[in-house]
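Trainee: Submitted below is the structure of interest, expressed as structure tokens.
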Amino acid sequence: MNTSNIQYIRTSMIDQAPPPRSESSVAGWIRKNLVATPKDVALTILALLVIFAIVPGALNWLFIQASWFGPDRTVCTTAAQGGIQPDGWSGACWAFVQDRFSQFIFGRYPLVERWRPMLVGLMMVALLIPLLIPKAPRKGLNALLLFVIFPIVAFFLLHGGVFGLRVVETPLWGGLMVTLILSFVGIAVSLPLGILLALGRRSEMPVVKILCVTFIEVVRGVPLITVLFMANVMLPLFLPTGWTFDNFLRALIGVALFASAYMAEVIRGGLQAIPKGQFEGADSLGLSYWQKIRLIILPQAIKLVIPGIVNTFIGLFKDTSLVSIIGMFDLLGIVRLNFTDTTWITPVTPITGLIFAGFIFWIFCFGMSRYSAFMERHLDTGLKR
Amino acid sequence: MKKTLLSATIGAAILGLGSSASAATLDDVKAKGFVQCGVNTGLAGFSAPDAAGEWTGFDVDYCKAVAAAVFGDATKVKYSPTTAQSRFTALQSGEVDLLARNTTWTINRDTALGFNFRTVNYYDGQGFMVPKSLNVKSALELSGAAVCVQSGTTTELNLADYFKGNNLQYNPVVFEKLEEVNAAYQAGRCDVYTTDQSGLYSIRLSLPAPDDHMILPEIISKEPLGPAVRQGDDQWFDIVSWTQYAMVQAEEFGITQANVDEMKNSENPDIRRFLGTEVDSKIGTDLGLTNDWAYNIVKGVGNYGEVFERNIGASTPLKIERGLNALWTKGGLQYAPPVR
């Protein structure tokens with residue numbers, strides 16, 4: 001039989017047909033997702049009503065009515081309040097944020113010395129970004145630079161007192177800078193310390209185990225605000241008169257120890273999820289305890305608990321604003337402090353400032369959350385079926 | 001465990017070892033080269049940061065005045081922002097040399113807490129704010145009014161006492177939080193808003209139409225706010241107290257920041273003695289300072305009236321009137337003992 005006679009066999013693949021109109025077009029999408037059933041129609045109408053009730057008003061308040069530039073409260077107040085806006089005006093007072101922006105970032109750090117925190121910030125970005133990109137080379141050196149060398153350099157740069165740098169005491173530090181320092185130290189200390197505590201808690205050595213369990217339970221059992229308050233208000237009374245102990249250091253230690261205890265429990269969750277066979281397999285290969293943990297257990301355990309770890313980091317980042325109760329001004333603290341300046345007292349100043357602070361916090365937290373989602377996908381090598 | 005933690009951190013991280021602060025604060029202050037001053041963590045007009053982040057305000061100027069008296073340089077101050085809870089510990093532990101933080105002088109703080117008060121730099125007290133449309137000129141006309149007040153404060157108790165004492169009827173509208181009280185007053189749920197008078201002025205600023213509201217002249221409670229120091233150091237106590245007296249006295253003499261240099265050549269022996277130009281005067285050295293201490297204060301921050309006007313007076317958005325804080329010669333309570 002000659003193949004040329006066979007009419008019904010195709011010699012080439014047929015082009016893929018476009019999806020049906022109902023799947024691809026905007027109208028199709030709307031029909032499928034918004035108005036498929038009477039219930040959907042009702043919900044859609046309700047949602048549209050809510051959006052129309054809130055969004056135009058919010059956009060109008062935030063951007064259109066907003067007052068963008070100006071030296072003092074007059075640009076954000078109505079004529080009756082001693083300002084330049086028409087009666088009944090209400091809008092965001094971005095002029096306030098703009099006027100105080102550098103203070104929100106650096107706190108009361110002296111103006112002429114602000115290049116120092118900026119330099120530290122640049123160094124941090126320069127070291128952090130390659131560490132976050134999985135393909136970038138020399139992770140070990142990079143981590144050493146970021147977590148060992150960088151903090152020391154940053155401390156001397158920010159605090160000064162060496163190489164002719166003027167000393168800038170910690171009470172002058174503030175704003176986003178303090179939030180980031182607290183979070184960085186908290187994160188950099190809590191992960192390794194948390195891993196050690198988690199391992200210690202599962203240890204078979206009784207003393208180590210008891211110490212770790214006690215530490216974790218005590219720290220988790222006391223609110224952070226209590227510890228900060230205790231360190232700020234009670235500690236000076238126990239010290240001999242005239243001895244001081246830097247407020248900022250107290251906050252750093254408190255935040256770092258706190259995060260460690262929470263981190264330890266997150267890591268322990270990961271350790272418990274590792275099947276016993278993995279431990280036994282490592283033992284049977286003749287690996288030492290630390291080799292087993294480092295090469296077999298931790299890589300699997302940490303991958304499992306990335307969401308928990310990032311959750312703790314985000315919580316820590318937001319908890320840093322508690323330091324305002326001990327007279328330190330983090331981002332939120334410095335924004336709120338500026339509400340008391342008579343130059344900017346207006347009915348809209350507080351809400352504008354809080355929206356700004358909330359937005360900055362959101363950017364950082366959302367960034368961490370996105371990065372963790374990326375890492376989860378990147379490391380998703382096995383287990384998933 | 002908490003104690004273990006604390007002692008471990010104490011041991012590990014003592015940063016500065018100052019010399020004992022209890023004996024002679026003045027010597028300490030001179031040795032370290034600045035006055036460590038406890039201020040509020042943020043109170044409009046009294047201590048707040050300016051655009052550059054520098055502390056400014058009525059209480060902050062008091063710190064500067066003390067620095068001017070000690071060093072002849074009003075900038076030699078470091079500020080410790082203290083909260084309502086941490087302020088007393090900060091002073092007791094020697095973390096700060098003085099507290100200029102709108103602290104009410106009470107017998108309990110003067111005795112049991114171990115502080116010393118002598119001067120009052122701001123006479124505050126509970127007052128009332130009403131809409132001007134109410135046409136009320138005195139709190140005694142408020143019978144039957146609905147009064148917005150924060151619950152659980154001495155304010156609430158003072159209010160009850162005042163209305164009962166004057167046989168007036170009133171209708172308390174009580175809220176837990178200050179913001180709620182503000183909102184209720186704005187919404188017209190009450191006719192009268194009561195809290196400390198200095199607070200009323202800054203609340204008025206955040207109302208949609210501040211000029212439609214007025215603060216009544218009556219003050220129904222005593223809140224003398226003044227600088228506090230630790231007990232047991234009379235010399236430092238004298239310096240801090242006489243700083244206030246010098247500012248008041250300067251206002252009485254008509255000496256201002258601008259004319260203080262001219263005034264040095266004044267023929268008036270009182271003024272010459274005050275500014276330290278009299279030859280055999282020992283007033284300053286007796287205080288442990290230099291003889292031009294009062295000159296330095298006025299040169300550094302101005303007289304009491306100037307400080308008041310600059311931070312909270314009629315030219316500022318707060319527009320607080322002098323009232324009780326006027327000089328005694330003008331019907332107020334600000335009075336300074338003679339400098340001689």
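Chain labels run A, B, ... following the order of the structure tokens; each chain numbers its residues from 1, and ligands are numbered from 1 in the order shown.
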Residues of chain A within 9 Å of chain B: nearest atom pair and distance (Å, one decimal) for each, counting only C-alpha atoms, sorted by chain and number, as JSON lines?

Mentor:
```
{"residue": "A:Thr77", "atom": "CA", "partner": "B:Pro208", "partner_atom": "CA", "distance": 8.3}
{"residue": "A:Thr78", "atom": "CA", "partner": "B:Pro208", "partner_atom": "CA", "distance": 7.8}
{"residue": "A:Ala79", "atom": "CA", "partner": "B:Ala209", "partner_atom": "CA", "distance": 8.6}
{"residue": "A:Ala80", "atom": "CA", "partner": "B:Ala209", "partner_atom": "CA", "distance": 5.3}
{"residue": "A:Gln81", "atom": "CA", "partner": "B:Ala209", "partner_atom": "CA", "distance": 5.3}
{"residue": "A:Gly82", "atom": "CA", "partner": "B:Pro210", "partner_atom": "CA", "distance": 8.5}
{"residue": "A:Gly88", "atom": "CA", "partner": "B:Pro208", "partner_atom": "CA", "distance": 8.2}
{"residue": "A:Asp99", "atom": "CA", "partner": "B:Ala51", "partner_atom": "CA", "distance": 7.2}
{"residue": "A:Arg100", "atom": "CA", "partner": "B:Ala51", "partner_atom": "CA", "distance": 6.3}
{"residue": "A:Ser102", "atom": "CA", "partner": "B:Ala52", "partner_atom": "CA", "distance": 8.7}
{"residue": "A:Gln103", "atom": "CA", "partner": "B:Gly53", "partner_atom": "CA", "distance": 6.3}
{"residue": "A:Gly107", "atom": "CA", "partner": "B:Gly53", "partner_atom": "CA", "distance": 6.9}
{"residue": "A:Arg108", "atom": "CA", "partner": "B:Gly53", "partner_atom": "CA", "distance": 4.7}
{"residue": "A:Tyr109", "atom": "CA", "partner": "B:Gly53", "partner_atom": "CA", "distance": 7.8}
{"residue": "A:Pro110", "atom": "CA", "partner": "B:Ala52", "partner_atom": "CA", "distance": 8.3}
{"residue": "A:Leu111", "atom": "CA", "partner": "B:Ala52", "partner_atom": "CA", "distance": 7.5}
{"residue": "A:Pro171", "atom": "CA", "partner": "B:Ser80", "partner_atom": "CA", "distance": 7.3}
{"residue": "A:Leu172", "atom": "CA", "partner": "B:Gly53", "partner_atom": "CA", "distance": 8.9}
{"residue": "A:Thr214", "atom": "CA", "partner": "B:Met1", "partner_atom": "CA", "distance": 7.9}
{"residue": "A:Phe215", "atom": "CA", "partner": "B:Met1", "partner_atom": "CA", "distance": 7.6}
{"residue": "A:Val218", "atom": "CA", "partner": "B:Met1", "partner_atom": "CA", "distance": 6.9}
{"residue": "A:Val219", "atom": "CA", "partner": "B:Lys2", "partner_atom": "CA", "distance": 8.3}
{"residue": "A:Val227", "atom": "CA", "partner": "B:Lys2", "partner_atom": "CA", "distance": 8.5}
{"residue": "A:Phe229", "atom": "CA", "partner": "B:Ser86", "partner_atom": "CA", "distance": 8.5}
{"residue": "A:Ala231", "atom": "CA", "partner": "B:Leu6", "partner_atom": "CA", "distance": 7.8}
{"residue": "A:Asn232", "atom": "CA", "partner": "B:Ser86", "partner_atom": "CA", "distance": 7.2}
{"residue": "A:Val233", "atom": "CA", "partner": "B:Ser86", "partner_atom": "CA", "distance": 5.4}
{"residue": "A:Met234", "atom": "CA", "partner": "B:Thr89", "partner_atom": "CA", "distance": 7.5}
{"residue": "A:Leu235", "atom": "CA", "partner": "B:Leu6", "partner_atom": "CA", "distance": 7.8}
{"residue": "A:Pro236", "atom": "CA", "partner": "B:Ser93", "partner_atom": "CA", "distance": 5.6}
{"residue": "A:Leu237", "atom": "CA", "partner": "B:Ser93", "partner_atom": "CA", "distance": 5.6}
{"residue": "A:Phe238", "atom": "CA", "partner": "B:Ser93", "partner_atom": "CA", "distance": 8.6}
{"residue": "A:Leu239", "atom": "CA", "partner": "B:Ser93", "partner_atom": "CA", "distance": 7.8}
{"residue": "A:Pro240", "atom": "CA", "partner": "B:Ser93", "partner_atom": "CA", "distance": 7.9}
{"residue": "A:Thr241", "atom": "CA", "partner": "B:Ser93", "partner_atom": "CA", "distance": 5.5}
{"residue": "A:Gly242", "atom": "CA", "partner": "B:Gly18", "partner_atom": "CA", "distance": 5.1}
{"residue": "A:Trp243", "atom": "CA", "partner": "B:Leu17", "partner_atom": "CA", "distance": 5.0}
{"residue": "A:Thr244", "atom": "CA", "partner": "B:Gly16", "partner_atom": "CA", "distance": 5.4}
{"residue": "A:Phe245", "atom": "CA", "partner": "B:Ile14", "partner_atom": "CA", "distance": 5.2}
{"residue": "A:Asp246", "atom": "CA", "partner": "B:Leu15", "partner_atom": "CA", "distance": 6.5}
{"residue": "A:Leu249", "atom": "CA", "partner": "B:Ala13", "partner_atom": "CA", "distance": 8.2}
{"residue": "A:Arg250", "atom": "CA", "partner": "B:Thr9", "partner_atom": "CA", "distance": 8.3}
{"residue": "A:Ile253", "atom": "CA", "partner": "B:Thr9", "partner_atom": "CA", "distance": 8.1}
{"residue": "A:Ile325", "atom": "CA", "partner": "B:Thr83", "partner_atom": "CA", "distance": 7.1}
{"residue": "A:Ile326", "atom": "CA", "partner": "B:Thr83", "partner_atom": "CA", "distance": 7.2}
{"residue": "A:Gly327", "atom": "CA", "partner": "B:Pro81", "partner_atom": "CA", "distance": 5.4}
{"residue": "A:Met328", "atom": "CA", "partner": "B:Pro81", "partner_atom": "CA", "distance": 7.9}
{"residue": "A:Arg336", "atom": "CA", "partner": "B:Gly42", "partner_atom": "CA", "distance": 8.4}
{"residue": "A:Leu337", "atom": "CA", "partner": "B:Gly42", "partner_atom": "CA", "distance": 5.4}
{"residue": "A:Asn338", "atom": "CA", "partner": "B:Pro49", "partner_atom": "CA", "distance": 6.6}
{"residue": "A:Phe339", "atom": "CA", "partner": "B:Ala44", "partner_atom": "CA", "distance": 8.0}
{"residue": "A:Thr340", "atom": "CA", "partner": "B:Ala44", "partner_atom": "CA", "distance": 4.3}
{"residue": "A:Asp341", "atom": "CA", "partner": "B:Ala48", "partner_atom": "CA", "distance": 5.4}
{"residue": "A:Thr342", "atom": "CA", "partner": "B:Ala44", "partner_atom": "CA", "distance": 5.7}
{"residue": "A:Thr343", "atom": "CA", "partner": "B:Pro317", "partner_atom": "CA", "distance": 7.4}
{"residue": "A:Ile345", "atom": "CA", "partner": "B:Ser206", "partner_atom": "CA", "distance": 6.5}
{"residue": "A:Thr346", "atom": "CA", "partner": "B:Ser206", "partner_atom": "CA", "distance": 5.0}
{"residue": "A:Pro347", "atom": "CA", "partner": "B:Ser206", "partner_atom": "CA", "distance": 4.5}
{"residue": "A:Val348", "atom": "CA", "partner": "B:Ser206", "partner_atom": "CA", "distance": 8.2}
```

Trainee: Mind checking which residues fall within 7 Å of segment 150-159 of chain B, counting only C-alpha atoms, ignoring those fewer than 6 positions away in the same chain, and posting them as JSON, numbers by chain?

Mentor: {"B": [126, 174, 175, 176, 177, 178, 181, 195, 221]}

Trainee: Looking only at strand (DSSP E or B) from DSSP on the backbone, list the matching residues of segment 65-281 of chain B as a PyMOL selection string.

Mentor: chain B and resi 77-82+98-99+104+115-116+122-124+126-131+145-150+170-175+192-196+213-215+223-225+228-230

Trainee: What lies within 12 Å of Val35 of chain B using only C-alpha atoms, ignoring chain neighbours under 2 positions off, as JSON, numbers by chain?

Mentor: {"B": [25, 26, 27, 28, 29, 30, 31, 32, 33, 37, 38, 60, 62, 63, 64, 65, 66, 67, 68, 69, 70, 71, 73, 74, 75, 76, 77, 78, 79, 80, 94, 95, 96, 97, 98, 99, 100, 236, 240]}

Trainee: Excluding segment 140-146 of chain A and its own-chain neighbours fewer than 2 positions away, which residues fall within 7 Å of it when counting only C-alpha atoms? Please give them as a PyMOL selection string.

Mentor: chain A and resi 127+131+138+148-150

Trainee: As a PyMOL selection string, which residues of segment 129-182 of chain A does DSSP assign to alpha helix (DSSP H)?

Mentor: chain A and resi 129-132+139-144+150-159+175-182

Trainee: For Asp124 of chain B, which residue among B:Ala24, B:Ala160, B:Val339, B:Leu225 is the nearest when counting only C-alpha atoms?

Mentor: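 With only C-alpha atoms as the atom set, the closest residue is B:Leu225.
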
Trainee: Please determine, counting only C-alpha atoms, which residue among B:Gly313, B:Leu113, B:Tyr304, B:Asn291 has the shortest atom-to-atom distance to Glu278 of chain B.

Mentor: B:Asn291

Trainee: Considering only C-alpha atoms, return as a PyMOL selection string whatever protein or nucleic-acid residues lie within 9 Å of Thr320 of chain A, sequence-local ones (same chain, fewer than 4 positions apart) excluded.

Mentor: chain A and resi 178-180+182-183+251+255+315-316+324+330

Trainee: Can you pull out the residues contacting Ile296 of chain A? Cut-off 12 Å, using only C-alpha atoms, and skip same-chain residues under 2 positions away; I want them as number ranges by chain.

Mentor: A: 271, 274-283, 285, 287-294, 298-303

Trainee: Quick one: distance from atom CA of Thr194 of chain B to atom CA of Asn102 of chain B in Å, one decimal?

Mentor: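 Separation between atom CA of Thr194 of chain B and atom CA of Asn102 of chain B: 18.5 Å.
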
Trainee: Atom CA of Cys148 of chain B to atom CA of Ser90 of chain A: how many Å, to one decimal?

Mentor: 24.9 Å

Trainee: May I have the residues within 12 Å of Glu306 of chain B as an MDAnalysis selection string, using only C-alpha atoms and disregarding those fewer than 3 positions away in the same chain?

Mentor: chainID B and resid 57:58 61 247:248 250:252 254:258 297:303 309:315 322 326

Trainee: Mind dumping the selected residues with N, CA and C atoms as a PDB file, in the first residue's frame?

Mentor:
```pdb
ATOM      1  N   GLY B  57      11.527  74.227  73.031  1.00  0.00           N
ATOM      2  CA  GLY B  57      10.342  74.293  73.871  1.00  0.00           C
ATOM      3  C   GLY B  57      10.624  74.994  75.172  1.00  0.00           C
ATOM      4  N   PHE B  58       9.571  75.171  75.924  1.00  0.00           N
ATOM      5  CA  PHE B  58       9.616  75.912  77.171  1.00  0.00           C
ATOM      6  C   PHE B  58      10.500  75.193  78.194  1.00  0.00           C
ATOM      7  N   ASP B  61      14.164  75.089  77.070  1.00  0.00           N
ATOM      8  CA  ASP B  61      14.869  76.337  77.332  1.00  0.00           C
ATOM      9  C   ASP B  61      15.322  76.436  78.781  1.00  0.00           C
ATOM     10  N   MET B 247      15.602  84.417  85.584  1.00  0.00           N
ATOM     11  CA  MET B 247      14.831  84.720  84.379  1.00  0.00           C
ATOM     12  C   MET B 247      13.652  85.624  84.709  1.00  0.00           C
ATOM     13  N   VAL B 248      12.992  85.344  85.842  1.00  0.00           N
ATOM     14  CA  VAL B 248      11.853  86.167  86.258  1.00  0.00           C
ATOM     15  C   VAL B 248      12.320  87.572  86.612  1.00  0.00           C
ATOM     16  N   ALA B 250      14.939  89.089  85.565  1.00  0.00           N
ATOM     17  CA  ALA B 250      15.354  89.803  84.355  1.00  0.00           C
ATOM     18  C   ALA B 250      14.146  90.426  83.679  1.00  0.00           C
ATOM     19  N   GLU B 251      13.039  89.684  83.659  1.00  0.00           N
ATOM     20  CA  GLU B 251      11.846  90.240  83.039  1.00  0.00           C
ATOM     21  C   GLU B 251      11.356  91.457  83.827  1.00  0.00           C
ATOM     22  N   GLU B 252      11.440  91.339  85.160  1.00  0.00           N
ATOM     23  CA  GLU B 252      10.989  92.441  86.007  1.00  0.00           C
ATOM     24  C   GLU B 252      11.840  93.688  85.781  1.00  0.00           C
ATOM     25  N   GLY B 254      13.258  94.362  83.064  1.00  0.00           N
ATOM     26  CA  GLY B 254      13.175  94.745  81.660  1.00  0.00           C
ATOM     27  C   GLY B 254      14.437  94.410  80.891  1.00  0.00           C
ATOM     28  N   ILE B 255      15.199  93.429  81.402  1.00  0.00           N
ATOM     29  CA  ILE B 255      16.415  93.027  80.691  1.00  0.00           C
ATOM     30  C   ILE B 255      16.049  91.920  79.717  1.00  0.00           C
ATOM     31  N   THR B 256      16.381  92.125  78.453  1.00  0.00           N
ATOM     32  CA  THR B 256      16.068  91.109  77.457  1.00  0.00           C
ATOM     33  C   THR B 256      17.351  90.609  76.821  1.00  0.00           C
ATOM     34  N   GLN B 257      17.200  89.534  76.026  1.00  0.00           N
ATOM     35  CA  GLN B 257      18.342  88.975  75.323  1.00  0.00           C
ATOM     36  C   GLN B 257      19.007  90.056  74.467  1.00  0.00           C
ATOM     37  N   ALA B 258      18.181  90.954  73.912  1.00  0.00           N
ATOM     38  CA  ALA B 258      18.706  91.960  72.995  1.00  0.00           C
ATOM     39  C   ALA B 258      19.442  93.078  73.733  1.00  0.00           C
ATOM     40  N   ILE B 297      22.574  83.668  81.493  1.00  0.00           N
ATOM     41  CA  ILE B 297      21.236  83.095  81.297  1.00  0.00           C
ATOM     42  C   ILE B 297      20.445  83.953  80.326  1.00  0.00           C
ATOM     43  N   VAL B 298      20.421  85.271  80.602  1.00  0.00           N
ATOM     44  CA  VAL B 298      19.619  86.161  79.760  1.00  0.00           C
ATOM     45  C   VAL B 298      20.189  86.203  78.349  1.00  0.00           C
ATOM     46  N   LYS B 299      21.523  86.237  78.258  1.00  0.00           N
ATOM     47  CA  LYS B 299      22.164  86.256  76.939  1.00  0.00           C
ATOM     48  C   LYS B 299      21.865  84.949  76.185  1.00  0.00           C
ATOM     49  N   GLY B 300      21.832  83.864  76.930  1.00  0.00           N
ATOM     50  CA  GLY B 300      21.664  82.551  76.300  1.00  0.00           C
ATOM     51  C   GLY B 300      20.243  82.250  75.867  1.00  0.00           C
ATOM     52  N   VAL B 301      19.267  82.494  76.744  1.00  0.00           N
ATOM     53  CA  VAL B 301      17.894  82.111  76.406  1.00  0.00           C
ATOM     54  C   VAL B 301      16.890  83.259  76.525  1.00  0.00           C
ATOM     55  N   GLY B 302      17.279  84.353  77.169  1.00  0.00           N
ATOM     56  CA  GLY B 302      16.340  85.455  77.341  1.00  0.00           C
ATOM     57  C   GLY B 302      15.679  85.415  78.706  1.00  0.00           C
ATOM     58  N   ASN B 303      14.839  86.416  78.975  1.00  0.00           N
ATOM     59  CA  ASN B 303      14.161  86.431  80.263  1.00  0.00           C
ATOM     60  C   ASN B 303      12.932  85.534  80.226  1.00  0.00           C
ATOM     61  N   GLU B 309       6.980  83.616  75.546  1.00  0.00           N
ATOM     62  CA  GLU B 309       6.418  84.058  74.269  1.00  0.00           C
ATOM     63  C   GLU B 309       6.951  83.230  73.105  1.00  0.00           C
ATOM     64  N   ARG B 310       8.251  82.940  73.156  1.00  0.00           N
ATOM     65  CA  ARG B 310       8.868  82.240  72.036  1.00  0.00           C
ATOM     66  C   ARG B 310       8.287  80.844  71.846  1.00  0.00           C
ATOM     67  N   ASN B 311       7.989  80.168  72.974  1.00  0.00           N
ATOM     68  CA  ASN B 311       7.598  78.768  72.868  1.00  0.00           C
ATOM     69  C   ASN B 311       6.099  78.525  72.901  1.00  0.00           C
ATOM     70  N   ILE B 312       5.392  79.253  73.775  1.00  0.00           N
ATOM     71  CA  ILE B 312       3.984  78.927  73.949  1.00  0.00           C
ATOM     72  C   ILE B 312       3.094  80.158  73.923  1.00  0.00           C
ATOM     73  N   GLY B 313       3.681  81.335  73.755  1.00  0.00           N
ATOM     74  CA  GLY B 313       2.911  82.567  73.914  1.00  0.00           C
ATOM     75  C   GLY B 313       2.063  82.940  72.721  1.00  0.00           C
ATOM     76  N   ALA B 314       1.616  84.197  72.711  1.00  0.00           N
ATOM     77  CA  ALA B 314       0.649  84.658  71.713  1.00  0.00           C
ATOM     78  C   ALA B 314       1.180  84.574  70.288  1.00  0.00           C
ATOM     79  N   SER B 315       2.511  84.648  70.112  1.00  0.00           N
ATOM     80  CA  SER B 315       3.044  84.624  68.747  1.00  0.00           C
ATOM     81  C   SER B 315       3.156  83.204  68.195  1.00  0.00           C
ATOM     82  N   ARG B 322      -0.569  84.604  79.423  1.00  0.00           N
ATOM     83  CA  ARG B 322       0.298  84.529  80.594  1.00  0.00           C
ATOM     84  C   ARG B 322      -0.478  84.103  81.832  1.00  0.00           C
ATOM     85  N   ALA B 326       1.991  85.353  84.659  1.00  0.00           N
ATOM     86  CA  ALA B 326       2.461  86.729  84.526  1.00  0.00           C
ATOM     87  C   ALA B 326       3.290  87.090  85.760  1.00  0.00           C
TER      88      ALA B 326
END
```

Trainee: Calculated over only C-alpha atoms, which of the candidates B:Pro224, B:Gly72, B:Pro337, B:Gly323 has the smallest distance to Gly125 of chain B?

Mentor: B:Pro224

Trainee: Choose the residue, out of B:Val192, B:Trp328, B:Arg230, B:Phe117, that has the smallest atom-to-atom separation from Ser138 of chain B; count only C-alpha atoms.

Mentor: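 Selected residue with least distance to Ser138 of chain B: B:Val192.
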